[in-house]
$ cat coords07.cif   # mmCIF, C-alpha atoms, pLDDT in the B column; chains and numbers go by the auth columns
data_structure
loop_
_atom_site.group_PDB
_atom_site.id
_atom_site.type_symbol
_atom_site.label_atom_id
_atom_site.label_comp_id
_atom_site.label_asym_id
_atom_site.label_seq_id
_atom_site.Cartn_x
_atom_site.Cartn_y
_atom_site.Cartn_z
_atom_site.B_iso_or_equiv
_atom_site.auth_seq_id
_atom_site.auth_asym_id
ATOM 1 C CA MET A 1 70.552 88.486 103.440 89.00 74 B
ATOM 2 C CA ILE A 2 71.481 87.054 106.817 93.00 75 B
ATOM 3 C CA ILE A 3 74.051 84.260 106.794 93.00 76 B
ATOM 4 C CA ILE A 4 74.830 82.182 109.868 92.00 77 B
ATOM 5 C CA VAL A 5 78.365 80.824 109.513 91.00 78 B
ATOM 6 C CA SER A 6 79.621 77.601 111.067 84.00 79 B
ATOM 7 C CA THR A 7 80.848 79.419 114.189 86.00 80 B
ATOM 8 C CA GLY A 8 77.272 80.526 114.827 91.00 81 B
ATOM 9 C CA GLU A 9 78.106 84.128 114.034 93.00 82 B
ATOM 10 C CA THR A 10 75.500 86.027 112.034 95.00 83 B
ATOM 11 C CA ILE A 11 76.611 88.098 109.061 94.00 84 B
ATOM 12 C CA ASP A 12 74.219 90.571 107.456 94.00 85 B
ATOM 13 C CA THR A 13 75.308 91.079 103.856 93.00 86 B
ATOM 14 C CA GLU A 14 74.008 94.658 104.071 94.00 87 B
ATOM 15 C CA THR A 15 77.146 95.373 106.124 93.00 88 B
ATOM 16 C CA LEU A 16 79.352 94.373 103.183 94.00 89 B
ATOM 17 C CA THR A 17 80.424 96.869 100.566 93.00 90 B
ATOM 18 C CA PRO A 18 78.709 96.691 97.165 92.00 91 B
ATOM 19 C CA GLU A 19 81.946 95.255 95.754 93.00 92 B
ATOM 20 C CA GLU A 20 82.012 92.524 98.403 94.00 93 B
ATOM 21 C CA ARG A 21 78.357 91.658 97.748 93.00 94 B
ATOM 22 C CA HIS A 22 79.131 91.372 94.027 92.00 95 B
ATOM 23 C CA ILE A 23 81.973 88.965 94.784 93.00 96 B
ATOM 24 C CA LEU A 24 79.741 87.001 97.136 94.00 97 B
ATOM 25 C CA GLN A 25 77.114 86.617 94.391 93.00 98 B
ATOM 26 C CA LYS A 26 79.754 85.134 92.104 93.00 99 B
ATOM 27 C CA LEU A 27 80.918 82.755 94.814 96.00 100 B
ATOM 28 C CA PHE A 28 77.375 81.573 95.552 94.00 101 B
ATOM 29 C CA ALA A 29 77.196 80.459 91.913 94.00 102 B
ATOM 30 C CA TRP A 30 80.656 78.891 91.930 95.00 103 B
ATOM 31 C CA LYS A 31 79.818 77.002 95.134 95.00 104 B
ATOM 32 C CA SER A 32 77.572 74.715 93.092 93.00 105 B
ATOM 33 C CA LEU A 33 79.749 74.499 89.985 95.00 106 B
ATOM 34 C CA VAL A 34 83.317 73.812 91.108 96.00 107 B
ATOM 35 C CA ASP A 35 84.701 70.298 91.296 95.00 108 B
ATOM 36 C CA SER A 36 87.284 70.994 94.005 96.00 109 B
ATOM 37 C CA VAL A 37 87.911 73.238 96.985 97.00 110 B
ATOM 38 C CA ALA A 38 91.097 74.408 95.267 97.00 111 B
ATOM 39 C CA LEU A 39 89.069 75.636 92.289 97.00 112 B
ATOM 40 C CA PHE A 40 86.651 77.461 94.623 97.00 113 B
ATOM 41 C CA ARG A 41 89.631 79.171 96.273 97.00 114 B
ATOM 42 C CA GLU A 42 90.980 80.128 92.853 97.00 115 B
ATOM 43 C CA LYS A 43 87.622 81.606 91.830 96.00 116 B
ATOM 44 C CA LYS A 44 87.552 83.568 95.092 96.00 117 B
ATOM 45 C CA LYS A 45 91.055 84.881 94.447 95.00 118 B
ATOM 46 C CA GLU A 46 90.136 85.845 90.875 94.00 119 B
ATOM 47 C CA ALA A 47 86.998 87.646 92.057 94.00 120 B
ATOM 48 C CA LEU A 48 88.880 89.568 94.753 95.00 121 B
ATOM 49 C CA ASN A 49 91.588 90.565 92.271 93.00 122 B
ATOM 50 C CA ALA A 50 89.161 91.619 89.532 91.00 123 B
ATOM 51 C CA GLY A 51 86.735 93.466 91.766 86.00 124 B
ATOM 52 C CA TRP A 52 83.391 94.711 90.541 83.00 125 B
ATOM 53 C CA ASN A 53 83.348 94.988 86.751 82.00 126 B
ATOM 54 C CA ASN A 54 87.135 94.649 86.707 81.00 127 B
ATOM 55 C CA SER A 55 87.438 97.804 88.814 84.00 128 B
ATOM 56 C CA GLY A 56 90.455 96.454 90.647 86.00 129 B
ATOM 57 C CA PRO A 57 91.292 94.479 93.763 93.00 130 B
ATOM 58 C CA VAL A 58 88.908 94.333 96.707 93.00 131 B
ATOM 59 C CA ALA A 59 90.251 93.903 100.232 92.00 132 B
ATOM 60 C CA GLU A 60 88.572 90.998 101.998 92.00 133 B
ATOM 61 C CA SER A 61 86.875 92.164 105.185 94.00 134 B
ATOM 62 C CA ARG A 62 86.519 89.899 108.205 94.00 135 B
ATOM 63 C CA ALA A 63 82.802 89.481 107.445 95.00 136 B
ATOM 64 C CA LEU A 64 83.469 88.477 103.836 96.00 137 B
ATOM 65 C CA ALA A 65 86.192 86.071 104.965 96.00 138 B
ATOM 66 C CA LEU A 66 83.760 84.416 107.389 95.00 139 B
ATOM 67 C CA VAL A 67 81.106 83.995 104.710 96.00 140 B
ATOM 68 C CA THR A 68 83.521 82.714 102.064 96.00 141 B
ATOM 69 C CA GLY A 69 84.969 80.283 104.593 95.00 142 B
ATOM 70 C CA HIS A 70 81.423 79.057 105.234 95.00 143 B
ATOM 71 C CA LEU A 71 80.827 78.671 101.487 96.00 144 B
ATOM 72 C CA GLU A 72 84.100 76.777 101.154 96.00 145 B
ATOM 73 C CA ALA A 73 82.968 74.384 103.887 94.00 146 B
ATOM 74 C CA GLN A 74 79.726 73.863 101.971 93.00 147 B
ATOM 75 C CA VAL A 75 81.723 73.066 98.824 96.00 148 B
ATOM 76 C CA ARG A 76 83.765 70.547 100.792 95.00 149 B
ATOM 77 C CA MET A 77 80.608 68.908 102.156 92.00 150 B
ATOM 78 C CA ARG A 78 78.962 68.793 98.717 92.00 151 B
ATOM 79 C CA LEU A 79 82.003 67.130 97.202 93.00 152 B
ATOM 80 C CA LYS A 80 82.073 64.531 99.998 92.00 153 B
ATOM 81 C CA GLY A 81 78.388 63.846 99.434 88.00 154 B
ATOM 82 C CA THR A 82 77.461 65.171 102.856 74.00 155 B
ATOM 83 C CA ARG A 83 74.200 67.058 103.324 68.00 156 B
ATOM 84 C CA VAL A 84 74.894 70.796 103.037 60.00 157 B
ATOM 85 C CA PRO A 85 73.145 72.958 105.663 59.00 158 B
#
$ encode --input "coords07.cif" --output "structure tokens"
Amino acid sequence: MIIIVSTGETIDTETLTPEERHILQKLFAWKSLVDSVALFREKKKEALNAGWNNSGPVAESRALALVTGHLEAQVRMRLKGTRVP
């Protein structure tokens, strides 16, 4: 999957580790379910700490940080009632 973040940078999720992609899948779901940015951040923290199948903490790469920051911005826009790109 190719994701274009708000800076215009393109992130190919194939460059992420399997663990990072697993976390990203969780966060895509949480993006639509959370009722605050703080809760999205907490879910991100929980996912990074748990890892894949509770295998342990996953270090957040620059690419993952860019994508999760983009998802967080989308959460913020959804909660404000702004159209999400």
$ closest_atom_pairs --input "coords07.cif" --of "range 92-127 of chain B" --to "range 140-147 of chain B" --cutoff "10 Å" --atoms "all atoms listed in the file" --output "JSON lines"
{"residue": "B:Ile96", "atom": "CA", "partner": "B:Thr141", "partner_atom": "CA", "distance": 9.7}
{"residue": "B:Leu97", "atom": "CA", "partner": "B:Thr141", "partner_atom": "CA", "distance": 7.5}
{"residue": "B:Leu100", "atom": "CA", "partner": "B:Thr141", "partner_atom": "CA", "distance": 7.7}
{"residue": "B:Phe101", "atom": "CA", "partner": "B:Leu144", "partner_atom": "CA", "distance": 7.5}
{"residue": "B:Trp103", "atom": "CA", "partner": "B:Leu144", "partner_atom": "CA", "distance": 9.6}
{"residue": "B:Lys104", "atom": "CA", "partner": "B:Leu144", "partner_atom": "CA", "distance": 6.6}
{"residue": "B:Ser105", "atom": "CA", "partner": "B:Gln147", "partner_atom": "CA", "distance": 9.2}
{"residue": "B:Ser109", "atom": "CA", "partner": "B:Glu145", "partner_atom": "CA", "distance": 9.7}
{"residue": "B:Val110", "atom": "CA", "partner": "B:Glu145", "partner_atom": "CA", "distance": 6.7}
{"residue": "B:Ala111", "atom": "CA", "partner": "B:Glu145", "partner_atom": "CA", "distance": 9.4}
{"residue": "B:Phe113", "atom": "CA", "partner": "B:Glu145", "partner_atom": "CA", "distance": 7.0}
{"residue": "B:Arg114", "atom": "CA", "partner": "B:Glu145", "partner_atom": "CA", "distance": 7.8}
{"residue": "B:Lys117", "atom": "CA", "partner": "B:Thr141", "partner_atom": "CA", "distance": 8.1}
$ atom_distance --input "coords07.cif" --atom1 "CA of Ala132 in chain B" --atom2 "CA of Asp108 in chain B"
25.8 Å
$ resolve_selection --input "coords07.cif" --expression "the PyMOL selection byres ((chain B and resi 120) around 9)" --output "VMD selection string"
chain B and resid 95 to 97 99 to 100 115 to 119 121 to 125 127 130 to 131
$ closest_residue --input "coords07.cif" --among "B:Met150, B:Thr155, B:Ala136, B:Val107" --to "Thr90 in chain B" --atoms "only C-alpha atoms"
B:Ala136
$ atom_distance --input "coords07.cif" --atom1 "CA of Gly81 in chain B" --atom2 "CA of Ala138 in chain B"
14.4 Å
$ atom_distance --input "coords07.cif" --atom1 "CA of Leu139 in chain B" --atom2 "CA of Val78 in chain B"
6.8 Å
